[in-house]
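**Q** Structure file target-v5.pdb, PDB, C-alpha atoms, is pasted below:
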ATOM      1  CA  MET A   1     208.180  45.811 132.313  1.00  0.00           C
ATOM      2  CA  ASN A   2     209.868  48.853 130.839  1.00  0.00           C
ATOM      3  CA  THR A   3     206.982  50.612 129.098  1.00  0.00           C
ATOM      4  CA  SER A   4     203.390  51.541 129.830  1.00  0.00           C
ATOM      5  CA  GLY A   5     202.426  49.095 127.088  1.00  0.00           C
ATOM      6  CA  ASP A   6     204.158  46.265 128.942  1.00  0.00           C
ATOM      7  CA  ARG A   7     202.357  47.222 132.145  1.00  0.00           C
ATOM      8  CA  LEU A   8     198.993  47.413 130.373  1.00  0.00           C
ATOM      9  CA  LYS A   9     199.507  43.960 128.864  1.00  0.00           C
ATOM     10  CA  ALA A  10     200.379  42.523 132.283  1.00  0.00           C
ATOM     11  CA  LEU A  11     197.341  44.190 133.892  1.00  0.00           C
ATOM     12  CA  LEU A  12     195.004  42.711 131.291  1.00  0.00           C
ATOM     13  CA  GLY A  13     196.542  39.312 132.003  1.00  0.00           C
ATOM     14  CA  GLU A  14     195.872  39.774 135.719  1.00  0.00           C
ATOM     15  CA  CYS A  15     192.232  40.575 134.897  1.00  0.00           C
ATOM     16  CA  ASN A  16     191.937  37.649 132.434  1.00  0.00           C
ATOM     17  CA  LEU A  17     191.104  40.085 129.641  1.00  0.00           C
ATOM     18  CA  SER A  18     192.220  39.567 126.055  1.00  0.00           C
ATOM     19  CA  ALA A  19     193.213  42.472 123.837  1.00  0.00           C
ATOM     20  CA  SER A  20     189.979  41.930 121.881  1.00  0.00           C
ATOM     21  CA  ASP A  21     187.842  42.007 125.035  1.00  0.00           C
ATOM     22  CA  PHE A  22     189.524  45.199 126.234  1.00  0.00           C
ATOM     23  CA  ALA A  23     189.199  46.793 122.788  1.00  0.00           C
ATOM     24  CA  ALA A  24     185.460  46.060 122.725  1.00  0.00           C
ATOM     25  CA  GLN A  25     185.060  47.493 126.209  1.00  0.00           C
ATOM     26  CA  ARG A  26     186.902  50.707 125.218  1.00  0.00           C
ATOM     27  CA  LYS A  27     185.149  50.853 121.817  1.00  0.00           C
ATOM     28  CA  VAL A  28     188.396  50.725 119.823  1.00  0.00           C
ATOM     29  CA  THR A  29     189.819  48.107 117.468  1.00  0.00           C
ATOM     30  CA  PRO A  30     192.048  45.254 118.722  1.00  0.00           C
ATOM     31  CA  GLN A  31     194.816  46.773 116.579  1.00  0.00           C
ATOM     32  CA  HIS A  32     194.619  49.947 118.707  1.00  0.00           C
ATOM     33  CA  VAL A  33     195.264  47.889 121.845  1.00  0.00           C
ATOM     34  CA  ASN A  34     198.129  45.994 120.204  1.00  0.00           C
ATOM     35  CA  ASN A  35     199.639  49.338 119.194  1.00  0.00           C
ATOM     36  CA  TRP A  36     199.400  50.443 122.837  1.00  0.00           C
ATOM     37  CA  PHE A  37     201.274  47.280 123.865  1.00  0.00           C
ATOM     38  CA  HIS A  38     204.130  48.094 121.479  1.00  0.00           C
ATOM     39  CA  ARG A  39     204.172  51.924 121.517  1.00  0.00           C
ATOM     40  CA  GLY A  40     202.858  52.663 124.994  1.00  0.00           C
ATOM     41  CA  VAL A  41     199.522  53.913 126.284  1.00  0.00           C
ATOM     42  CA  PRO A  42     198.577  57.292 124.722  1.00  0.00           C
ATOM     43  CA  GLN A  43     198.947  60.202 127.126  1.00  0.00           C
ATOM     44  CA  ALA A  44     195.325  61.217 126.640  1.00  0.00           C
ATOM     45  CA  ARG A  45     194.109  57.766 127.775  1.00  0.00           C
ATOM     46  CA  LEU A  46     196.415  57.162 130.737  1.00  0.00           C
ATOM     47  CA  ASP A  47     194.071  58.462 133.452  1.00  0.00           C
ATOM     48  CA  GLU A  48     191.047  56.684 131.993  1.00  0.00           C
ATOM     49  CA  ILE A  49     192.775  53.287 131.689  1.00  0.00           C
ATOM     50  CA  ALA A  50     194.520  53.577 135.063  1.00  0.00           C
ATOM     51  CA  GLU A  51     191.201  54.332 136.783  1.00  0.00           C
ATOM     52  CA  LEU A  52     189.499  51.470 134.944  1.00  0.00           C
ATOM     53  CA  LEU A  53     192.189  48.971 136.000  1.00  0.00           C
ATOM     54  CA  CYS A  54     192.460  50.378 139.561  1.00  0.00           C
ATOM     55  CA  VAL A  55     196.100  51.491 139.382  1.00  0.00           C
ATOM     56  CA  ARG A  56     197.831  54.850 139.714  1.00  0.00           C
ATOM     57  CA  SER A  57     198.291  56.687 136.419  1.00  0.00           C
ATOM     58  CA  LYS A  58     201.875  57.605 137.360  1.00  0.00           C
ATOM     59  CA  TRP A  59     202.723  53.916 137.879  1.00  0.00           C
ATOM     60  CA  LEU A  60     201.126  52.989 134.547  1.00  0.00           C
ATOM     61  CA  ARG A  61     203.013  55.790 132.794  1.00  0.00           C
ATOM     62  CA  THR A  62     206.472  55.384 134.372  1.00  0.00           C
ATOM     63  CA  GLY A  63     206.466  52.253 136.541  1.00  0.00           C
ATOM     64  CA  GLU A  64     207.484  54.424 139.502  1.00  0.00           C
ATOM     65  CA  GLY A  65     205.786  54.748 142.878  1.00  0.00           C
ATOM     66  CA  PRO A  66     203.014  52.567 144.320  1.00  0.00           C
ATOM     67  CA  LYS A  67     200.979  50.531 141.881  1.00  0.00           C
ATOM     68  CA  HIS A  68     197.707  50.991 143.764  1.00  0.00           C
ATOM     69  CA  SER A  69     196.428  54.086 145.530  1.00  0.00           C
ATOM     70  CA  THR A  70     195.691  52.198 148.756  1.00  0.00           C
ATOM     71  CA  PRO A  71     197.666  48.961 149.207  1.00  0.00           C
ATOM     72  CA  LEU A  72     195.623  46.252 150.894  1.00  0.00           C
ATOM     73  CA  PRO A  73     197.114  44.551 153.985  1.00  0.00           C
ATOM     74  CA  ARG A  74     198.353  41.018 153.464  1.00  0.00           C
ATOM     75  CA  ILE A  75     197.180  38.465 156.043  1.00  0.00           C
ATOM     76  CA  LYS A  76     198.504  34.935 156.081  1.00  0.00           C
ATOM     77  CA  ARG A  77     195.816  32.294 155.948  1.00  0.00           C
ATOM     78  CA  GLY A  78     195.451  30.249 159.097  1.00  0.00           C
ATOM     79  CA  ASP A  79     197.381  32.731 161.218  1.00  0.00           C
ATOM     80  CA  PRO A  80     195.500  32.804 164.568  1.00  0.00           C
ATOM     81  CA  ALA A  81     197.071  36.171 165.394  1.00  0.00           C
ATOM     82  CA  ALA A  82     195.724  37.751 162.233  1.00  0.00           C
ATOM     83  CA  VAL A  83     193.049  40.313 162.991  1.00  0.00           C
ATOM     84  CA  PRO A  84     190.583  41.126 160.196  1.00  0.00           C
ATOM     85  CA  CYS A  85     191.190  44.665 158.992  1.00  0.00           C
ATOM     86  CA  GLU A  86     188.511  47.159 158.141  1.00  0.00           C
ATOM     87  CA  PRO A  87     188.306  47.693 154.375  1.00  0.00           C
ATOM     88  CA  PRO A  88     189.833  50.973 153.196  1.00  0.00           C
ATOM     89  CA  ASP A  89     187.420  53.889 152.894  1.00  0.00           C
ATOM     90  CA  TYR A  90     186.883  54.499 149.204  1.00  0.00           C
ATOM     91  CA  SER A  91     183.874  56.789 149.722  1.00  0.00           C
ATOM     92  CA  ALA A  92     185.622  59.896 151.066  1.00  0.00           C
ATOM     93  CA  PHE A  93     184.485  62.100 148.208  1.00  0.00           C
ATOM     94  CA  SER A  94     180.837  61.142 148.697  1.00  0.00           C
ATOM     95  CA  SER A  95     180.702  61.714 152.456  1.00  0.00           C
ATOM     96  CA  HIS A  96     179.869  65.019 154.117  1.00  0.00           C
ATOM     97  CA  GLY A  97     180.930  66.316 157.498  1.00  0.00           C
ATOM     98  CA  GLU A  98     181.335  69.473 159.499  1.00  0.00           C
ATOM     99  CA  ASP A  99     184.917  69.890 158.270  1.00  0.00           C
ATOM    100  CA  ASP A 100     184.018  69.899 154.564  1.00  0.00           C
ATOM    101  CA  VAL A 101     185.496  72.508 152.242  1.00  0.00           C
ATOM    102  CA  GLN A 102     183.248  74.521 149.978  1.00  0.00           C
ATOM    103  CA  LEU A 103     184.984  75.546 146.757  1.00  0.00           C
ATOM    104  CA  ALA A 104     183.319  78.454 144.989  1.00  0.00           C
ATOM    105  CA  PHE A 105     182.420  77.893 141.333  1.00  0.00           C
ATOM    106  CA  HIS A 106     184.181  80.334 139.020  1.00  0.00           C
ATOM    107  CA  VAL A 107     183.494  81.561 135.494  1.00  0.00           C
ATOM    108  CA  LEU A 108     185.770  83.388 133.087  1.00  0.00           C
ATOM    109  CA  ARG A 109     184.922  87.081 132.765  1.00  0.00           C
ATOM    110  CA  GLY A 110     187.260  89.439 130.966  1.00  0.00           C
ATOM    111  CA  ARG A 111     190.067  86.865 131.075  1.00  0.00           C
ATOM    112  CA  GLN A 112     189.727  86.632 134.862  1.00  0.00           C
ATOM    113  CA  LEU A 113     188.244  83.814 136.921  1.00  0.00           C
ATOM    114  CA  THR A 114     185.389  85.279 138.962  1.00  0.00           C
ATOM    115  CA  ALA A 115     183.480  83.524 141.755  1.00  0.00           C
ATOM    116  CA  VAL A 116     179.762  82.888 141.257  1.00  0.00           C
ATOM    117  CA  ASP A 117     177.692  83.824 144.298  1.00  0.00           C
ATOM    118  CA  ASN A 118     176.041  80.965 146.207  1.00  0.00           C
ATOM    119  CA  HIS A 119     177.409  78.231 143.929  1.00  0.00           C
ATOM    120  CA  CYS A 120     179.911  75.895 145.604  1.00  0.00           C
ATOM    121  CA  LEU A 121     181.371  72.426 145.245  1.00  0.00           C
ATOM    122  CA  ARG A 122     181.527  70.568 148.570  1.00  0.00           C
ATOM    123  CA  LEU A 123     184.491  68.233 149.165  1.00  0.00           C
ATOM    124  CA  PRO A 124     185.893  66.638 152.351  1.00  0.00           C
ATOM    125  CA  ARG A 125     188.945  68.395 153.779  1.00  0.00           C
ATOM    126  CA  THR A 126     190.624  65.043 154.517  1.00  0.00           C
ATOM    127  CA  ALA A 127     190.641  64.203 150.810  1.00  0.00           C
ATOM    128  CA  LEU A 128     192.235  67.533 149.924  1.00  0.00           C
ATOM    129  CA  ASP A 129     194.792  67.053 152.705  1.00  0.00           C
ATOM    130  CA  ARG A 130     195.801  63.672 151.268  1.00  0.00           C
ATOM    131  CA  LEU A 131     196.385  65.308 147.881  1.00  0.00           C
ATOM    132  CA  GLY A 132     198.307  68.215 149.402  1.00  0.00           C
ATOM    133  CA  VAL A 133     195.750  70.715 148.091  1.00  0.00           C
ATOM    134  CA  ASP A 134     195.438  73.994 149.987  1.00  0.00           C
ATOM    135  CA  PRO A 135     191.689  74.826 150.099  1.00  0.00           C
ATOM    136  CA  GLY A 136     192.589  78.492 149.805  1.00  0.00           C
ATOM    137  CA  GLN A 137     194.208  77.744 146.420  1.00  0.00           C
ATOM    138  CA  ALA A 138     191.401  75.524 145.087  1.00  0.00           C
ATOM    139  CA  LEU A 139     188.302  76.453 143.105  1.00  0.00           C
ATOM    140  CA  ALA A 140     185.539  74.805 141.087  1.00  0.00           C
ATOM    141  CA  LEU A 141     184.789  75.105 137.359  1.00  0.00           C
ATOM    142  CA  SER A 142     182.459  73.593 134.779  1.00  0.00           C
ATOM    143  CA  MET A 143     183.972  71.614 131.903  1.00  0.00           C
ATOM    144  CA  PRO A 144     184.006  74.204 129.086  1.00  0.00           C
ATOM    145  CA  ASP A 145     184.201  72.004 125.974  1.00  0.00           C
ATOM    146  CA  TYR A 146     183.700  68.516 124.543  1.00  0.00           C
ATOM    147  CA  ASN A 147     187.384  67.718 123.991  1.00  0.00           C
ATOM    148  CA  MET A 148     187.728  65.445 127.048  1.00  0.00           C
ATOM    149  CA  THR A 149     184.604  63.332 126.445  1.00  0.00           C
ATOM    150  CA  PRO A 150     183.802  60.711 127.549  1.00  0.00           C
ATOM    151  CA  LEU A 151     186.376  61.054 130.348  1.00  0.00           C
ATOM    152  CA  ILE A 152     184.988  64.454 131.422  1.00  0.00           C
ATOM    153  CA  PRO A 153     181.611  65.299 129.843  1.00  0.00           C
ATOM    154  CA  TYR A 154     180.832  68.839 128.755  1.00  0.00           C
ATOM    155  CA  GLY A 155     179.446  70.846 131.694  1.00  0.00           C
ATOM    156  CA  ALA A 156     180.701  68.412 134.354  1.00  0.00           C
ATOM    157  CA  PRO A 157     181.906  70.033 137.607  1.00  0.00           C
ATOM    158  CA  LEU A 158     185.632  69.870 138.289  1.00  0.00           C
ATOM    159  CA  ALA A 159     188.101  71.255 140.828  1.00  0.00           C
ATOM    160  CA  ILE A 160     191.546  72.731 140.224  1.00  0.00           C
ATOM    161  CA  ASP A 161     194.504  73.456 142.478  1.00  0.00           C
ATOM    162  CA  ARG A 162     195.898  76.881 141.569  1.00  0.00           C
ATOM    163  CA  GLY A 163     198.870  76.133 143.804  1.00  0.00           C
ATOM    164  CA  LEU A 164     200.157  73.547 141.307  1.00  0.00           C
ATOM    165  CA  THR A 165     200.983  75.041 137.917  1.00  0.00           C
ATOM    166  CA  ARG A 166     204.197  73.073 137.411  1.00  0.00           C
ATOM    167  CA  VAL A 167     203.562  70.765 134.474  1.00  0.00           C
ATOM    168  CA  VAL A 168     203.839  67.029 135.135  1.00  0.00           C
ATOM    169  CA  ASP A 169     203.611  65.059 131.898  1.00  0.00           C
ATOM    170  CA  GLY A 170     200.240  63.413 131.402  1.00  0.00           C
ATOM    171  CA  GLU A 171     198.376  65.299 134.140  1.00  0.00           C
ATOM    172  CA  LEU A 172     195.237  67.343 133.508  1.00  0.00           C
ATOM    173  CA  TYR A 173     195.354  71.126 133.818  1.00  0.00           C
ATOM    174  CA  ALA A 174     193.116  74.123 133.343  1.00  0.00           C
ATOM    175  CA  VAL A 175     194.759  76.569 130.955  1.00  0.00           C
ATOM    176  CA  LEU A 176     193.901  80.024 129.659  1.00  0.00           C
ATOM    177  CA  HIS A 177     194.567  80.142 125.925  1.00  0.00           C
ATOM    178  CA  ASN A 178     194.025  83.441 124.125  1.00  0.00           C
ATOM    179  CA  GLY A 179     191.356  84.354 126.651  1.00  0.00           C
ATOM    180  CA  HIS A 180     189.558  81.001 126.486  1.00  0.00           C
ATOM    181  CA  LEU A 181     189.345  78.462 129.319  1.00  0.00           C
ATOM    182  CA  ARG A 182     190.484  74.969 128.333  1.00  0.00           C
ATOM    183  CA  ILE A 183     191.010  71.625 130.055  1.00  0.00           C
ATOM    184  CA  ASN A 184     193.801  69.491 128.584  1.00  0.00           C
ATOM    185  CA  SER A 185     196.360  66.872 129.416  1.00  0.00           C
ATOM    186  CA  LEU A 186     199.804  68.499 129.114  1.00  0.00           C
ATOM    187  CA  THR A 187     203.253  67.269 128.182  1.00  0.00           C
ATOM    188  CA  LYS A 188     206.473  69.268 127.932  1.00  0.00           C
ATOM    189  CA  ARG A 189     208.414  69.506 124.674  1.00  0.00           C
ATOM    190  CA  SER A 190     212.200  69.583 124.485  1.00  0.00           C
ATOM    191  CA  ASN A 191     212.138  73.221 123.347  1.00  0.00           C
ATOM    192  CA  GLY A 192     210.116  74.309 126.398  1.00  0.00           C
ATOM    193  CA  ALA A 193     206.780  74.406 124.586  1.00  0.00           C
ATOM    194  CA  LEU A 194     203.712  72.606 125.903  1.00  0.00           C
ATOM    195  CA  ARG A 195     201.765  69.962 124.004  1.00  0.00           C
ATOM    196  CA  LEU A 196     198.009  69.999 124.672  1.00  0.00           C
ATOM    197  CA  HIS A 197     196.255  66.628 124.463  1.00  0.00           C
ATOM    198  CA  SER A 198     192.511  65.973 124.358  1.00  0.00           C
ATOM    199  CA  HIS A 199     190.763  62.729 125.255  1.00  0.00           C
ATOM    200  CA  ASP A 200     188.902  62.941 121.941  1.00  0.00           C
ATOM    201  CA  SER A 201     192.103  63.016 119.911  1.00  0.00           C
ATOM    202  CA  GLU A 202     190.293  62.575 116.589  1.00  0.00           C
ATOM    203  CA  GLY A 203     187.983  65.549 117.017  1.00  0.00           C
ATOM    204  CA  PHE A 204     190.595  67.635 118.862  1.00  0.00           C
ATOM    205  CA  PRO A 205     194.144  66.983 117.558  1.00  0.00           C
ATOM    206  CA  CYS A 206     197.198  67.732 119.708  1.00  0.00           C
ATOM    207  CA  GLU A 207     198.510  71.305 119.713  1.00  0.00           C
ATOM    208  CA  ASN A 208     201.879  72.845 120.612  1.00  0.00           C
ATOM    209  CA  TYR A 209     202.241  76.250 122.260  1.00  0.00           C
ATOM    210  CA  GLY A 210     204.892  78.179 124.126  1.00  0.00           C
ATOM    211  CA  VAL A 211     204.073  79.325 127.655  1.00  0.00           C
ATOM    212  CA  GLY A 212     203.339  83.049 127.976  1.00  0.00           C
ATOM    213  CA  HIS A 213     203.341  85.175 124.806  1.00  0.00           C
ATOM    214  CA  SER A 214     204.630  83.323 121.766  1.00  0.00           C
ATOM    215  CA  ARG A 215     203.904  84.170 118.112  1.00  0.00           C
ATOM    216  CA  GLY A 216     200.637  85.876 118.971  1.00  0.00           C
ATOM    217  CA  GLN A 217     199.559  83.043 121.250  1.00  0.00           C
ATOM    218  CA  GLN A 218     198.923  83.584 124.962  1.00  0.00           C
ATOM    219  CA  LEU A 219     198.970  80.483 127.143  1.00  0.00           C
ATOM    220  CA  GLU A 220     198.793  80.389 130.956  1.00  0.00           C
ATOM    221  CA  VAL A 221     198.577  77.279 133.138  1.00  0.00           C
ATOM    222  CA  LEU A 222     195.894  78.044 135.741  1.00  0.00           C
ATOM    223  CA  GLY A 223     196.108  74.914 137.879  1.00  0.00           C
ATOM    224  CA  TRP A 224     196.021  71.136 138.223  1.00  0.00           C
ATOM    225  CA  VAL A 225     192.662  69.366 137.805  1.00  0.00           C
ATOM    226  CA  PHE A 226     192.407  67.064 140.844  1.00  0.00           C
ATOM    227  CA  TRP A 227     188.695  66.173 140.852  1.00  0.00           C
ATOM    228  CA  TRP A 228     185.814  65.908 138.440  1.00  0.00           C
ATOM    229  CA  ALA A 229     182.361  64.322 138.327  1.00  0.00           C
ATOM    230  CA  GLN A 230     181.402  61.905 135.592  1.00  0.00           C
ATOM    231  CA  PHE A 231     177.904  60.874 134.628  1.00  0.00           C
ATOM    232  CA  ARG A 232     176.452  58.403 132.134  1.00  0.00           C
ATOM    233  CA  THR A 233     175.375  59.851 128.797  1.00  0.00           C
ATOM    234  CA  GLU A 234     172.622  57.339 128.116  1.00  0.00           C
ATOM    235  CA  ARG A 235     170.516  54.689 129.838  1.00  0.00           C
ATOM    236  CA  PRO A 236     171.269  51.008 129.180  1.00  0.00           C
ATOM    237  CA  ASP A 237     168.935  49.199 126.788  1.00  0.00           C
TER     238      ASP A 237
END
For the file at hand, write its structure as structure tokens.

**A**
Amino acid sequence: MNTSGDRLKALLGECNLSASDFAAQRKVTPQHVNNWFHRGVPQARLDEIAELLCVRSKWLRTGEGPKHSTPLPRIKRGDPAAVPCEPPDYSAFSSHGEDDVQLAFHVLRGRQLTAVDNHCLRLPRTALDRLGVDPGQALALSMPDYNMTPLIPYGAPLAIDRGLTRVVDGELYAVLHNGHLRINSLTKRSNGALRLHSHDSEGFPCENYGVGHSRGQQLEVLGWVFWWAQFRTERPD
């Protein structure tokens, strides 16, 4: 499996999903899914599809690293020495304890991120430690636009790590563009410019910009988006 399209096709086979079934679930045409098989999964959809199929987005994109975030222990059937293992804790972000970190919500004022008094996002320190996020370098924001819907709805809370501004292709970042806060998936171009991707690629086409001051454009990478909340937009019929 050399491409993300190959890996996606294999994952759908593991889940007993046809391309048509997956297309209907993602509200795209079967031809879109077949194109992903042949051309690779679009950068703007990598995180969404990886989360849906319970694999790491880096593995889906490159084939490198662990396939799953938390590998499950393998126990041979009938082995009397096998001791049942506790299931992995998938609820870390929903639990609260005395060691939680409170990240202050920030808003953009005069091209500077400013903390909002008495408004914080509460996350467990253990989760930040696993991600290598320094709480002193992390802060909370509200999703400023509709370009990442439905992956990140407008107004949804999110957290960024200001200690990670190095661009890793396909990851989500908060950027300051001409004085405006934006959330985009970034990829690096061969000439050093950055390509900004939106989840809603039809309403928000890709854009290319140089970092810093370039042809009247000012672009600054503020930090890596490592957490966000997602909510349903409508009730089921």

**Q** Measure the distance from CA of Leu60 (chain A) to CA of Glu171 (chain A) in Å and round it to one decimal.

**A** 12.6 Å

**Q** Once the PyMOL selection byres ((chain A and resi 165) around 6) has been evaluated on this model, what residues remain selected, and can you format them as a compact mmCIF listing (two decimals) with C-alpha atoms, in the frame of the given file?

**A**
# COMPACT_ATOMS: atom_id res chain seq x y z
CA LEU A 164 200.16 73.55 141.31
CA ARG A 166 204.20 73.07 137.41
CA VAL A 221 198.58 77.28 133.14
CA GLY A 223 196.11 74.91 137.88

**Q** Which one is closest to Gln43 (chain A): A:Ala24, A:Val168, A:Val107, A:Val225? Count all atoms listed in the file.

**A**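 Checking each of A:Ala24, A:Val168, A:Val107, A:Val225 against Gln43 (chain A), counting all atoms listed in the file, the winner is A:Val168.
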
**Q** Near Arg61 (chain A), counting all atoms listed in the file, which residues have an atom at most 10 Å away, once you skip same-chain residues fewer than 3 positions from it, shown as a list in words?

**A**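 The residues satisfying every condition are Asn2, Thr3, Ser4, Gly5, Arg7, Leu8, Gly40, Val41, Pro42, Gln43, Leu46, Asp47, Ala50, Arg56, Ser57, Lys58, Glu64, Asp169 and Gly170 of chain A.
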
**Q** From the set A:Pro236, A:Gly203, A:Gly132, A:Gly179, which residue has the shortest atom-to-atom contact distance to Asp161 (chain A), counting all atoms listed in the file?

**A**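 Using all atoms listed in the file, the shortest distance to Asp161 (chain A) belongs to A:Gly132.
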
**Q** Take the PyMOL selection byres ((chain A and resi 228) around 9), apply it to the structure above, and return the hits as a PyMOL selection string.

**A** chain A and resi 143+152+156-159+225-227+229-230

**Q** Could you take the residues named above and write them with C-alpha atoms, as a tab-separated table (two decimals), in the coordinates of the input?

**A**
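Written output follows (result-v2.tsv):
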chain	number	residue	atom	x	y	z
A	143	MET	CA	183.97	71.61	131.90
A	152	ILE	CA	184.99	64.45	131.42
A	156	ALA	CA	180.70	68.41	134.35
A	157	PRO	CA	181.91	70.03	137.61
A	158	LEU	CA	185.63	69.87	138.29
A	159	ALA	CA	188.10	71.26	140.83
A	225	VAL	CA	192.66	69.37	137.80
A	226	PHE	CA	192.41	67.06	140.84
A	227	TRP	CA	188.70	66.17	140.85
A	229	ALA	CA	182.36	64.32	138.33
A	230	GLN	CA	181.40	61.90	135.59

**Q** Kindly give the distance, in Å, that separates CA of Asn178 (chain A) and CA of Gln218 (chain A), rounded to a single decimal.

**A** 5.0 Å

**Q** Skip Tyr154 (chain A) itself and residues of its chain fewer than 3 positions away, then list as an mmCIF file with C-alpha atoms, in the coordinates of the input all residues within 7 Å of it, counting all atoms listed in the file.

**A**
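Generated output (result.cif):
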data_model
loop_
_atom_site.group_PDB
_atom_site.id
_atom_site.type_symbol
_atom_site.label_atom_id
_atom_site.label_comp_id
_atom_site.auth_asym_id
_atom_site.auth_seq_id
_atom_site.Cartn_x
_atom_site.Cartn_y
_atom_site.Cartn_z
ATOM 1 C CA MET A 143 183.972 71.614 131.903
ATOM 2 C CA PRO A 144 184.006 74.204 129.086
ATOM 3 C CA ASP A 145 184.201 72.004 125.974
ATOM 4 C CA TYR A 146 183.700 68.516 124.543
#

**Q** Distance cut-off 8 Å, centre (198.3, 83.5, 126.7) in file coordinates, counting all atoms listed in the file: which residues qualify? Return them as a PyMOL selection string.

**A** chain A and resi 176-179+211-213+217-220

**Q** Rank A:Val33, A:Ala44, A:Ala127, A:Leu53 by their smallest atom-to-atom distance to Cys15 (chain A), using all atoms listed in the file, and report the top residue only.

**A**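 Result for the nearest residue to Cys15 (chain A): A:Leu53.
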
**Q** Quick one: distance from CA of Gly192 (chain A) to CA of His180 (chain A) in Å, one decimal?

**A**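 Distance between the two atoms: 21.6 Å.
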
**Q** Applied to this file, what does the PyMOL selection byres ((chain A and resi 151) around 8) return in terms of residues, put as a ChimeraX atom specification?

**A** /A:48,148-150,152-153,199,230

**Q** Could you write out as AutoDock Vina command-line options the box around region 15-25 of chain A (axis-aligned, all atoms listed in the file, 8 Å on each side), with centre and edge lengths in Å to one decimal?

**A**
--center_x 189.1 --center_y 42.6 --center_z 128.4 --size_x 24.2 --size_y 25.8 --size_z 29.0

**Q** Using all atoms listed in the file, which of A:Thr62, A:Ser142, A:Asn147, A:Gln25 sits nearest Leu108 (chain A)?

**A**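 Of the candidates, the smallest distance to Leu108 (chain A) is held by A:Ser142.
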
**Q** Which neighbours of Ser20 (chain A) fall inside 10 Å, counting all atoms listed in the file, when residues of the same chain fewer than 3 positions from it are skipped, and could you give them as a list in words?

**A** Leu17, Ala23, Ala24, Gln25, Arg26, Val28, Thr29, Pro30, Gln31, His32, Val33 and Asn34 of chain A

**Q** When you count all atoms listed in the file, which of these residues is closest to Ala104 (chain A): A:Glu207, A:Arg130, A:Asp21, A:Ala140?

**A**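 When distances to Ala104 (chain A) are compared using all atoms listed in the file, the smallest one comes from A:Ala140.
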
**Q** Show which residues sit within 12 Å of Asn118 (chain A), as a list in words. Count only C-alpha atoms, and ignore same-chain residues fewer than 5 positions away.

**A**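 Contacts, with the query itself left out: Gln102, Leu103, Ala104, Phe105 and His106 of chain A.
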